[in-house]
>>> print(open('run36.cif').read())   # mmCIF, C-alpha atoms
data_start
#
loop_
_atom_site.group_PDB
_atom_site.id
_atom_site.type_symbol
_atom_site.label_atom_id
_atom_site.label_comp_id
_atom_site.auth_asym_id
_atom_site.auth_seq_id
_atom_site.Cartn_x
_atom_site.Cartn_y
_atom_site.Cartn_z
ATOM 1 C CA MET A 12 0.000 0.000 0.000
ATOM 2 C CA PRO A 13 2.730 2.581 0.775
ATOM 3 C CA VAL A 14 4.269 1.862 -2.646
ATOM 4 C CA TYR A 15 0.917 2.525 -4.320
ATOM 5 C CA VAL A 16 0.510 5.836 -2.498
ATOM 6 C CA ASP A 17 4.057 6.885 -3.394
ATOM 7 C CA ARG A 18 3.378 6.198 -7.075
ATOM 8 C CA GLU A 19 0.057 7.981 -7.101
ATOM 9 C CA ALA A 20 1.221 11.065 -5.204
ATOM 10 C CA PRO A 21 3.337 12.461 -8.088
ATOM 11 C CA LYS A 22 0.427 11.856 -10.487
ATOM 12 C CA LEU A 23 -1.919 13.792 -8.226
ATOM 13 C CA TRP A 24 0.569 16.638 -7.913
ATOM 14 C CA ARG A 25 1.049 16.766 -11.684
ATOM 15 C CA LYS A 26 -2.720 16.786 -12.118
ATOM 16 C CA ILE A 27 -3.111 19.711 -9.705
ATOM 17 C CA CYS A 28 -0.295 21.670 -11.356
ATOM 18 C CA SER A 29 -1.629 20.992 -14.840
ATOM 19 C CA GLU A 30 -5.180 22.053 -13.965
ATOM 20 C CA THR A 31 -3.935 25.121 -12.109
ATOM 21 C CA THR A 32 -1.995 26.258 -15.182
ATOM 22 C CA ILE A 33 -5.050 25.813 -17.416
ATOM 23 C CA GLU A 34 -7.408 27.537 -14.986
ATOM 24 C CA ILE A 35 -5.071 30.498 -14.497
ATOM 25 C CA SER A 36 -4.955 31.050 -18.254
ATOM 26 C CA LEU A 37 -8.763 30.871 -18.410
ATOM 27 C CA LEU A 38 -9.029 33.243 -15.461
ATOM 28 C CA ALA A 39 -6.767 35.715 -17.239
ATOM 29 C CA GLU A 40 -9.238 35.709 -20.154
ATOM 30 C CA ASN A 41 -12.436 35.793 -18.090
ATOM 31 C CA TRP A 42 -11.522 37.675 -14.900
ATOM 32 C CA LYS A 43 -13.848 40.560 -15.727
ATOM 33 C CA ILE A 44 -16.886 38.241 -15.690
ATOM 34 C CA ILE A 45 -15.830 36.675 -12.393
ATOM 35 C CA LEU A 46 -15.092 40.048 -10.795
ATOM 36 C CA GLY A 47 -18.338 41.536 -12.089
ATOM 37 C CA GLY A 48 -20.327 38.637 -10.636
ATOM 38 C CA ILE A 49 -18.632 39.004 -7.254
ATOM 39 C CA ILE A 50 -19.161 42.792 -7.178
ATOM 40 C CA PHE A 51 -22.832 42.311 -8.000
ATOM 41 C CA GLN A 52 -23.198 40.190 -4.863
ATOM 42 C CA TYR A 53 -22.469 43.376 -2.911
ATOM 43 C CA ILE A 54 -24.913 45.368 -5.061
ATOM 44 C CA HIS A 55 -27.593 42.763 -4.406
ATOM 45 C CA GLY A 56 -26.861 42.904 -0.676
ATOM 46 C CA LEU A 57 -27.021 46.701 -0.794
ATOM 47 C CA ALA A 58 -30.398 46.589 -2.543
ATOM 48 C CA ALA A 59 -31.742 44.086 0.007
ATOM 49 C CA HIS A 60 -30.516 46.310 2.837
ATOM 50 C CA GLY A 61 -32.052 49.390 1.204
ATOM 51 C CA VAL A 62 -35.523 47.858 0.953
ATOM 52 C CA HIS A 63 -35.432 47.215 4.710
ATOM 53 C CA TYR A 64 -35.780 50.985 5.199
ATOM 54 C CA LEU A 65 -39.085 50.779 3.306
ATOM 55 C CA HIS A 66 -40.407 47.762 5.209
ATOM 56 C CA GLN A 67 -43.705 48.225 7.018
ATOM 57 C CA PRO A 68 -44.471 45.386 9.442
ATOM 58 C CA GLY A 69 -48.053 44.206 9.522
ATOM 59 C CA PRO A 70 -50.298 41.169 9.924
ATOM 60 C CA LEU A 71 -49.222 38.001 8.115
ATOM 61 C CA LEU A 72 -50.827 37.621 4.726
ATOM 62 C CA GLN A 73 -53.117 34.694 3.994
ATOM 63 C CA ASP A 74 -50.883 31.929 2.663
ATOM 64 C CA SER A 75 -51.805 28.453 1.427
ATOM 65 C CA GLY A 76 -48.370 27.081 2.322
ATOM 66 C CA TYR A 77 -48.720 28.262 5.904
ATOM 67 C CA ALA A 78 -52.080 26.521 6.118
ATOM 68 C CA LEU A 79 -50.643 23.226 4.826
ATOM 69 C CA ILE A 80 -47.136 23.189 6.357
ATOM 70 C CA PRO A 81 -46.806 23.272 10.168
ATOM 71 C CA GLU A 82 -44.703 26.091 11.612
ATOM 72 C CA LEU A 83 -41.278 24.989 12.856
ATOM 73 C CA GLY A 84 -40.927 27.791 15.370
ATOM 74 C CA GLU A 85 -38.275 30.414 15.930
ATOM 75 C CA ASP A 86 -36.012 28.007 17.849
ATOM 76 C CA LYS A 87 -35.821 25.647 14.844
ATOM 77 C CA ALA A 88 -35.296 28.221 12.139
ATOM 78 C CA TYR A 89 -31.662 27.105 11.897
ATOM 79 C CA ILE A 90 -32.660 23.851 10.182
ATOM 80 C CA SER A 91 -33.256 25.430 6.775
ATOM 81 C CA GLU A 92 -30.033 27.450 7.087
ATOM 82 C CA THR A 93 -28.086 24.292 7.938
ATOM 83 C CA LEU A 94 -29.392 22.479 4.856
ATOM 84 C CA PHE A 95 -28.728 25.525 2.669
ATOM 85 C CA SER A 96 -25.154 25.779 3.972
ATOM 86 C CA PHE A 97 -24.620 22.084 3.210
ATOM 87 C CA LEU A 98 -25.848 22.526 -0.368
ATOM 88 C CA PHE A 99 -23.849 25.714 -0.854
ATOM 89 C CA PHE A 100 -20.482 24.459 0.362
ATOM 90 C CA SER A 101 -20.919 21.031 -1.248
ATOM 91 C CA PHE A 102 -21.435 22.715 -4.612
ATOM 92 C CA VAL A 103 -18.432 25.014 -4.181
ATOM 93 C CA LEU A 104 -16.206 22.044 -3.331
ATOM 94 C CA TRP A 105 -17.534 20.054 -6.284
ATOM 95 C CA THR A 106 -16.668 22.846 -8.735
ATOM 96 C CA PHE A 107 -12.994 22.376 -7.821
ATOM 97 C CA HIS A 108 -12.947 18.591 -8.207
ATOM 98 C CA PRO A 109 -11.288 18.751 -11.690
ATOM 99 C CA PHE A 110 -8.100 19.783 -9.885
ATOM 100 C CA VAL A 111 -7.947 16.363 -8.225
ATOM 101 C CA PHE A 112 -9.979 13.787 -10.131
ATOM 102 C CA GLN A 113 -9.268 12.533 -13.636
ATOM 103 C CA SER A 114 -12.885 12.627 -14.778
ATOM 104 C CA LYS A 115 -13.973 16.133 -15.667
ATOM 105 C CA SER A 116 -16.734 17.653 -17.763
ATOM 106 C CA PHE A 117 -15.959 21.338 -17.297
ATOM 107 C CA HIS A 118 -13.323 23.927 -16.457
ATOM 108 C CA THR A 119 -13.823 25.511 -13.035
ATOM 109 C CA VAL A 120 -13.370 29.106 -14.226
ATOM 110 C CA LEU A 121 -15.763 28.711 -17.154
ATOM 111 C CA LEU A 122 -18.350 27.010 -14.935
ATOM 112 C CA TRP A 123 -18.243 29.874 -12.439
ATOM 113 C CA CYS A 124 -18.564 32.373 -15.285
ATOM 114 C CA ARG A 125 -21.816 30.709 -16.305
ATOM 115 C CA VAL A 126 -23.064 30.331 -12.739
ATOM 116 C CA LEU A 127 -22.346 33.963 -11.862
ATOM 117 C CA ALA A 128 -23.901 35.209 -15.113
ATOM 118 C CA CYS A 129 -27.141 33.334 -14.362
ATOM 119 C CA LEU A 130 -27.005 34.401 -10.722
ATOM 120 C CA VAL A 131 -26.692 38.078 -11.634
ATOM 121 C CA VAL A 132 -29.671 37.894 -14.005
ATOM 122 C CA CYS A 133 -31.797 36.219 -11.305
ATOM 123 C CA GLN A 134 -30.733 38.758 -8.691
ATOM 124 C CA MET A 135 -31.502 41.672 -11.013
ATOM 125 C CA LEU A 136 -35.017 40.296 -11.477
ATOM 126 C CA ARG A 137 -35.278 39.775 -7.728
ATOM 127 C CA ILE A 138 -34.318 43.393 -6.993
ATOM 128 C CA VAL A 139 -36.988 44.618 -9.414
ATOM 129 C CA THR A 140 -39.673 42.434 -7.826
ATOM 130 C CA PHE A 141 -39.033 43.210 -4.159
ATOM 131 C CA TYR A 142 -38.806 46.952 -4.845
ATOM 132 C CA SER A 143 -41.993 46.808 -6.917
ATOM 133 C CA THR A 144 -44.071 45.450 -4.040
ATOM 134 C CA GLN A 145 -43.086 45.412 -0.362
ATOM 135 C CA LEU A 146 -44.911 42.803 1.670
ATOM 136 C CA PRO A 147 -45.020 42.658 5.483
ATOM 137 C CA GLY A 148 -42.248 40.226 6.432
ATOM 138 C CA PRO A 149 -43.364 36.853 7.836
ATOM 139 C CA ASN A 150 -40.065 36.169 9.626
ATOM 140 C CA TYR A 151 -40.133 36.550 13.397
ATOM 141 C CA HIS A 152 -37.808 39.542 13.513
ATOM 142 C CA CYS A 153 -39.856 41.298 10.818
ATOM 143 C CA ARG A 154 -43.217 41.150 12.586
ATOM 144 C CA GLU A 155 -45.032 43.900 14.436
ATOM 145 C CA GLY A 156 -43.500 44.531 17.834
ATOM 146 C CA SER A 157 -39.966 43.496 16.857
ATOM 147 C CA LYS A 158 -37.276 46.160 17.188
ATOM 148 C CA LEU A 159 -35.618 44.797 14.052
ATOM 149 C CA ALA A 160 -38.706 45.117 11.847
ATOM 150 C CA ARG A 161 -37.936 48.748 10.969
ATOM 151 C CA LEU A 162 -34.651 50.495 10.363
ATOM 152 C CA PRO A 163 -34.187 54.080 11.574
ATOM 153 C CA ARG A 164 -33.412 56.694 8.956
ATOM 154 C CA PRO A 165 -29.713 56.398 8.072
ATOM 155 C CA GLU A 166 -27.504 59.195 9.355
ATOM 156 C CA SER A 167 -25.072 59.000 6.436
ATOM 157 C CA VAL A 168 -24.516 57.376 3.059
ATOM 158 C CA VAL A 169 -21.685 55.339 4.580
ATOM 159 C CA GLU A 170 -24.132 53.690 6.975
ATOM 160 C CA VAL A 171 -26.164 52.460 4.005
ATOM 161 C CA LEU A 172 -23.143 51.356 1.988
ATOM 162 C CA LEU A 173 -21.766 49.265 4.863
ATOM 163 C CA ILE A 174 -25.138 47.385 4.939
ATOM 164 C CA ASN A 175 -24.580 46.618 8.627
ATOM 165 C CA PHE A 176 -22.697 43.437 7.671
ATOM 166 C CA PRO A 177 -23.249 40.676 8.738
ATOM 167 C CA ARG A 178 -26.194 41.564 10.985
ATOM 168 C CA GLY A 179 -27.965 43.401 8.195
ATOM 169 C CA MET A 180 -27.766 40.316 5.966
ATOM 170 C CA ILE A 181 -29.121 37.972 8.629
ATOM 171 C CA TYR A 182 -31.916 40.181 9.977
ATOM 172 C CA GLY A 183 -33.100 41.789 6.770
ATOM 173 C CA CYS A 184 -36.764 42.455 6.031
ATOM 174 C CA GLY A 185 -38.714 43.363 2.907
ATOM 175 C CA ASP A 186 -36.668 41.468 0.293
ATOM 176 C CA LEU A 187 -39.265 38.766 -0.182
ATOM 177 C CA ILE A 188 -40.300 38.159 -3.788
ATOM 178 C CA PHE A 189 -38.497 36.009 -4.608
ATOM 179 C CA SER A 190 -36.382 33.806 -2.326
ATOM 180 C CA SER A 191 -32.624 34.360 -2.628
ATOM 181 C CA HIS A 192 -31.938 31.032 -0.917
ATOM 182 C CA MET A 193 -33.928 29.266 -3.621
ATOM 183 C CA ILE A 194 -32.064 31.138 -6.378
ATOM 184 C CA PHE A 195 -28.772 29.726 -5.129
ATOM 185 C CA THR A 196 -30.214 26.288 -4.376
ATOM 186 C CA LEU A 197 -31.893 25.790 -7.751
ATOM 187 C CA LEU A 198 -29.029 27.290 -9.723
ATOM 188 C CA PHE A 199 -26.550 24.959 -8.039
ATOM 189 C CA VAL A 200 -28.789 21.920 -8.467
ATOM 190 C CA LEU A 201 -29.421 22.719 -12.139
ATOM 191 C CA THR A 202 -25.685 23.177 -12.696
ATOM 192 C CA TYR A 203 -24.862 19.807 -11.157
ATOM 193 C CA HIS A 204 -27.715 18.215 -13.107
ATOM 194 C CA LYS A 205 -26.103 19.454 -16.343
ATOM 195 C CA TYR A 206 -22.419 18.903 -15.557
ATOM 196 C CA GLY A 207 -22.451 16.279 -12.812
ATOM 197 C CA THR A 208 -21.999 12.596 -13.576
ATOM 198 C CA ILE A 209 -23.461 10.686 -10.606
ATOM 199 C CA ARG A 210 -27.155 10.015 -11.050
ATOM 200 C CA PHE A 211 -27.807 9.346 -7.352
ATOM 201 C CA ILE A 212 -26.399 12.757 -6.389
ATOM 202 C CA LYS A 213 -28.538 14.442 -9.048
ATOM 203 C CA GLN A 214 -31.676 12.810 -7.666
ATOM 204 C CA SER A 215 -30.657 13.577 -4.085
ATOM 205 C CA ALA A 216 -29.950 17.217 -4.975
ATOM 206 C CA TRP A 217 -33.441 17.690 -6.401
ATOM 207 C CA LEU A 218 -34.939 16.046 -3.330
ATOM 208 C CA LEU A 219 -32.951 18.347 -1.040
ATOM 209 C CA ALA A 220 -34.081 21.359 -3.082
ATOM 210 C CA ILE A 221 -37.702 20.374 -2.480
ATOM 211 C CA ILE A 222 -37.019 19.840 1.232
ATOM 212 C CA GLU A 223 -35.282 23.248 1.417
ATOM 213 C CA SER A 224 -38.361 24.849 -0.175
ATOM 214 C CA LEU A 225 -40.642 23.315 2.438
ATOM 215 C CA LEU A 226 -38.301 24.239 5.285
ATOM 216 C CA ILE A 227 -38.181 27.884 4.185
ATOM 217 C CA ILE A 228 -41.978 28.032 4.272
ATOM 218 C CA ALA A 229 -42.154 26.107 7.569
ATOM 219 C CA SER A 230 -39.614 28.521 9.084
ATOM 220 C CA ARG A 231 -41.802 31.440 7.943
ATOM 221 C CA LYS A 232 -38.817 33.098 6.303
ATOM 222 C CA HIS A 233 -40.750 33.631 3.088
ATOM 223 C CA TYR A 234 -44.281 33.430 1.831
ATOM 224 C CA THR A 235 -45.095 30.488 -0.416
ATOM 225 C CA VAL A 236 -45.266 32.778 -3.465
ATOM 226 C CA ASP A 237 -41.585 33.693 -2.947
ATOM 227 C CA VAL A 238 -40.592 30.060 -3.258
ATOM 228 C CA VAL A 239 -42.973 29.308 -6.138
ATOM 229 C CA VAL A 240 -41.697 32.269 -8.201
ATOM 230 C CA ALA A 241 -38.102 31.193 -7.542
ATOM 231 C CA TRP A 242 -38.865 27.720 -8.937
#
>>> encode(input="run36.cif", output="C-alpha cells")
Amino acid sequence: MPVYVDREAPKLWRKICSETTIEISLLAENWKIILGGIIFQYIHGLAAHGVHYLHQPGPLLQDSGYALIPELGEDKAYISETLFSFLFFSFVLWTFHPFVFQSKSFHTVLLWCRVLACLVVCQMLRIVTFYSTQLPGPNYHCREGSKLARLPRPESVVEVLLINFPRGMIYGCGDLIFSSHMIFTLLFVLTYHKYGTIRFIKQSAWLLAIIESLLIIASRKHYTVDVVVAW
C-alpha cells in the first residue's frame, strides 16, 4: 500500500499543477466576468438592505403554504439554514474537483462564469420584484412589535453602503419576492444536473431542493409565493 501511495502522489501533484496552469490562463481571459459577478453580490446585498428601510411590518398575509405546512418555530429556524449551507459548500467544493480527479466535464473558471452570469440575471429580477411590491415580512424579527422590523433613517450614506454586515444580511426584512436562498439552491442543483456525472447525487440534490423549499416556508422566512416564483 505505501508503494501505491508513493506512485500515485506524483500523479496527483502533476494533475493539480496541470489544472492550475489551465485555470489560471482561463481566469486571465475571463476575470472581468468573475469580478463583475462578485461585485454584483455586494450590489444585491445593498439593494436588500435598502428595501429594509421601506419595510412596514403588519399582519401576516393569507398563505396556502402556511395553512398546509406546520410552523417549525423560531427556535428551529436554523434547520433550513443548515441544509442551505450544506448545499452551498458542497457545490463550491464540487466545482474544484477537476483539480484532483481525472474525470472532468468542465473547467472551473468557465463554470463559475456561467453560474455567476445566471445568478446576476436572477438577482436583477429579484431586486426589481421586491422593490416593486413590499410585503409585510413573515419572519419573526420582521413582525409587528420586533425592534428589528424597521430600520431608523440612516444618518449617512456610509451607513447604508456598509449594509450593517453581517447583521444586516441575517436580519433583513422586505426582500421577499423572490427567495434568494432558492435562487442559489436551484441554480446549483441545475448546474450539477447538467455537468455532474453521478445520477444518485442528481436525484438527491433535487430532493434536497424540495425539502429546502418546504423548510423555508415552515420557518416562515418567506411566503409560499416567494418560493414558487423562484422555482
>>> resolve_selection(input="run36.cif", expression="the PyMOL selection byres ((chain A and resi 79-87) around 12)", output="PyMOL selection string")
chain A and resi 73-78+88-93+149-152+222+224-232+234-235
>>> residues_around(input="run36.cif", residues="region 54-60 of chain A", least_positions_apart="6", cutoff="12 Å", atoms="all atoms listed in the file", output="PyMOL selection string")
chain A and resi 47-48+66+130-142+145+161-162+165+168-191
>>> closest_residue(input="run36.cif", among="A:Thr202, A:Thr119, A:Thr144, A:Ser101", to="Asn41 (chain A)", atoms="all atoms listed in the file")
A:Thr119
>>> residues_around(input="run36.cif", residues="Ala216 (chain A)", least_positions_apart="6", cutoff="12 Å", atoms="only C-alpha atoms", output="CSV table (one decimal) with C-alpha atoms, keeping the file's coordinate frame")
chain,number,residue,atom,x,y,z
A,94,LEU,CA,-29.4,22.5,4.9
A,95,PHE,CA,-28.7,25.5,2.7
A,97,PHE,CA,-24.6,22.1,3.2
A,98,LEU,CA,-25.8,22.5,-0.4
A,99,PHE,CA,-23.8,25.7,-0.9
A,101,SER,CA,-20.9,21.0,-1.2
A,102,PHE,CA,-21.4,22.7,-4.6
A,196,THR,CA,-30.2,26.3,-4.4
A,197,LEU,CA,-31.9,25.8,-7.8
A,198,LEU,CA,-29.0,27.3,-9.7
A,199,PHE,CA,-26.6,25.0,-8.0
A,200,VAL,CA,-28.8,21.9,-8.5
A,201,LEU,CA,-29.4,22.7,-12.1
A,202,THR,CA,-25.7,23.2,-12.7
A,203,TYR,CA,-24.9,19.8,-11.2
A,204,HIS,CA,-27.7,18.2,-13.1
A,207,GLY,CA,-22.5,16.3,-12.8
A,209,ILE,CA,-23.5,10.7,-10.6
A,210,ARG,CA,-27.2,10.0,-11.0
A,222,ILE,CA,-37.0,19.8,1.2
A,223,GLU,CA,-35.3,23.2,1.4
>>> resolve_selection(input="run36.cif", expression="the PyMOL selection byres ((chain A and resi 69) around 9)", output="JSON, numbers by chain")
{"A": [67, 68, 70, 71, 72, 146, 147, 148, 149, 153, 154, 155]}
>>> write_last_selection(input="run36.cif", atoms="C-alpha atoms", output="CSV table (one decimal), in the frame of the given file")
chain,number,residue,atom,x,y,z
A,67,GLN,CA,-43.7,48.2,7.0
A,68,PRO,CA,-44.5,45.4,9.4
A,70,PRO,CA,-50.3,41.2,9.9
A,71,LEU,CA,-49.2,38.0,8.1
A,72,LEU,CA,-50.8,37.6,4.7
A,146,LEU,CA,-44.9,42.8,1.7
A,147,PRO,CA,-45.0,42.7,5.5
A,148,GLY,CA,-42.2,40.2,6.4
A,149,PRO,CA,-43.4,36.9,7.8
A,153,CYS,CA,-39.9,41.3,10.8
A,154,ARG,CA,-43.2,41.2,12.6
A,155,GLU,CA,-45.0,43.9,14.4
>>> atom_distance(input="run36.cif", atom1="CA of Lys26 (chain A)", atom2="CA of Val111 (chain A)")
6.5 Å
>>> build_atoms(input="run36.cif", residues="region 221-239 of chain A", atoms="N, CA, C and O atoms", output="short mmCIF file (atom, residue, chain, number, x, y, z; two decimals), keeping the file's coordinate frame")
data_model
loop_
_atom_site.label_atom_id
_atom_site.label_comp_id
_atom_site.auth_asym_id
_atom_site.auth_seq_id
_atom_site.Cartn_x
_atom_site.Cartn_y
_atom_site.Cartn_z
N ILE A 221 -36.28 20.38 -2.87
CA ILE A 221 -37.70 20.37 -2.48
C ILE A 221 -37.83 20.51 -0.96
O ILE A 221 -38.66 21.28 -0.46
N ILE A 222 -36.99 19.77 -0.23
CA ILE A 222 -37.02 19.84 1.23
C ILE A 222 -36.68 21.26 1.70
O ILE A 222 -37.31 21.79 2.62
N GLU A 223 -35.67 21.88 1.06
CA GLU A 223 -35.28 23.25 1.42
C GLU A 223 -36.45 24.21 1.19
O GLU A 223 -36.70 25.10 2.01
N SER A 224 -37.19 24.01 0.11
CA SER A 224 -38.36 24.85 -0.18
C SER A 224 -39.38 24.75 0.95
O SER A 224 -39.89 25.78 1.43
N LEU A 225 -39.66 23.53 1.37
CA LEU A 225 -40.64 23.32 2.44
C LEU A 225 -40.16 23.87 3.77
O LEU A 225 -40.94 24.43 4.54
N LEU A 226 -38.86 23.73 4.03
CA LEU A 226 -38.30 24.24 5.28
C LEU A 226 -38.35 25.77 5.34
O LEU A 226 -38.58 26.34 6.41
N ILE A 227 -38.11 26.42 4.22
CA ILE A 227 -38.18 27.88 4.18
C ILE A 227 -39.59 28.36 4.53
O ILE A 227 -39.78 29.32 5.30
N ILE A 228 -40.58 27.67 3.97
CA ILE A 228 -41.98 28.03 4.27
C ILE A 228 -42.30 27.70 5.72
O ILE A 228 -42.93 28.50 6.43
N ALA A 229 -41.88 26.53 6.19
CA ALA A 229 -42.15 26.11 7.57
C ALA A 229 -41.48 27.02 8.58
O ALA A 229 -41.99 27.22 9.69
N SER A 230 -40.33 27.60 8.20
CA SER A 230 -39.61 28.52 9.08
C SER A 230 -40.20 29.93 9.03
O SER A 230 -39.74 30.80 9.79
N ARG A 231 -41.16 30.14 8.13
CA ARG A 231 -41.80 31.44 7.94
C ARG A 231 -40.80 32.52 7.57
O ARG A 231 -40.93 33.68 7.96
N LYS A 232 -39.79 32.12 6.78
CA LYS A 232 -38.82 33.10 6.30
C LYS A 232 -39.30 33.78 5.03
O LYS A 232 -38.84 34.87 4.70
N HIS A 233 -40.18 33.09 4.32
CA HIS A 233 -40.75 33.63 3.09
C HIS A 233 -42.19 33.17 2.99
O HIS A 233 -42.60 32.16 3.59
N TYR A 234 -42.96 33.91 2.21
CA TYR A 234 -44.28 33.43 1.83
C TYR A 234 -44.11 32.36 0.76
O TYR A 234 -43.07 32.28 0.10
N THR A 235 -45.15 31.57 0.58
CA THR A 235 -45.10 30.49 -0.42
C THR A 235 -44.86 31.04 -1.82
O THR A 235 -44.14 30.43 -2.62
N VAL A 236 -45.43 32.19 -2.13
CA VAL A 236 -45.27 32.78 -3.46
C VAL A 236 -43.79 33.06 -3.76
O VAL A 236 -43.35 32.93 -4.91
N ASP A 237 -43.01 33.40 -2.73
CA ASP A 237 -41.58 33.69 -2.95
C ASP A 237 -40.83 32.45 -3.42
O ASP A 237 -39.92 32.55 -4.24
N VAL A 238 -41.22 31.31 -2.88
CA VAL A 238 -40.59 30.06 -3.26
C VAL A 238 -41.09 29.59 -4.62
O VAL A 238 -40.31 29.13 -5.46
N VAL A 239 -42.39 29.74 -4.86
CA VAL A 239 -42.97 29.31 -6.14
C VAL A 239 -42.38 30.11 -7.30
O VAL A 239 -42.01 29.55 -8.33
#
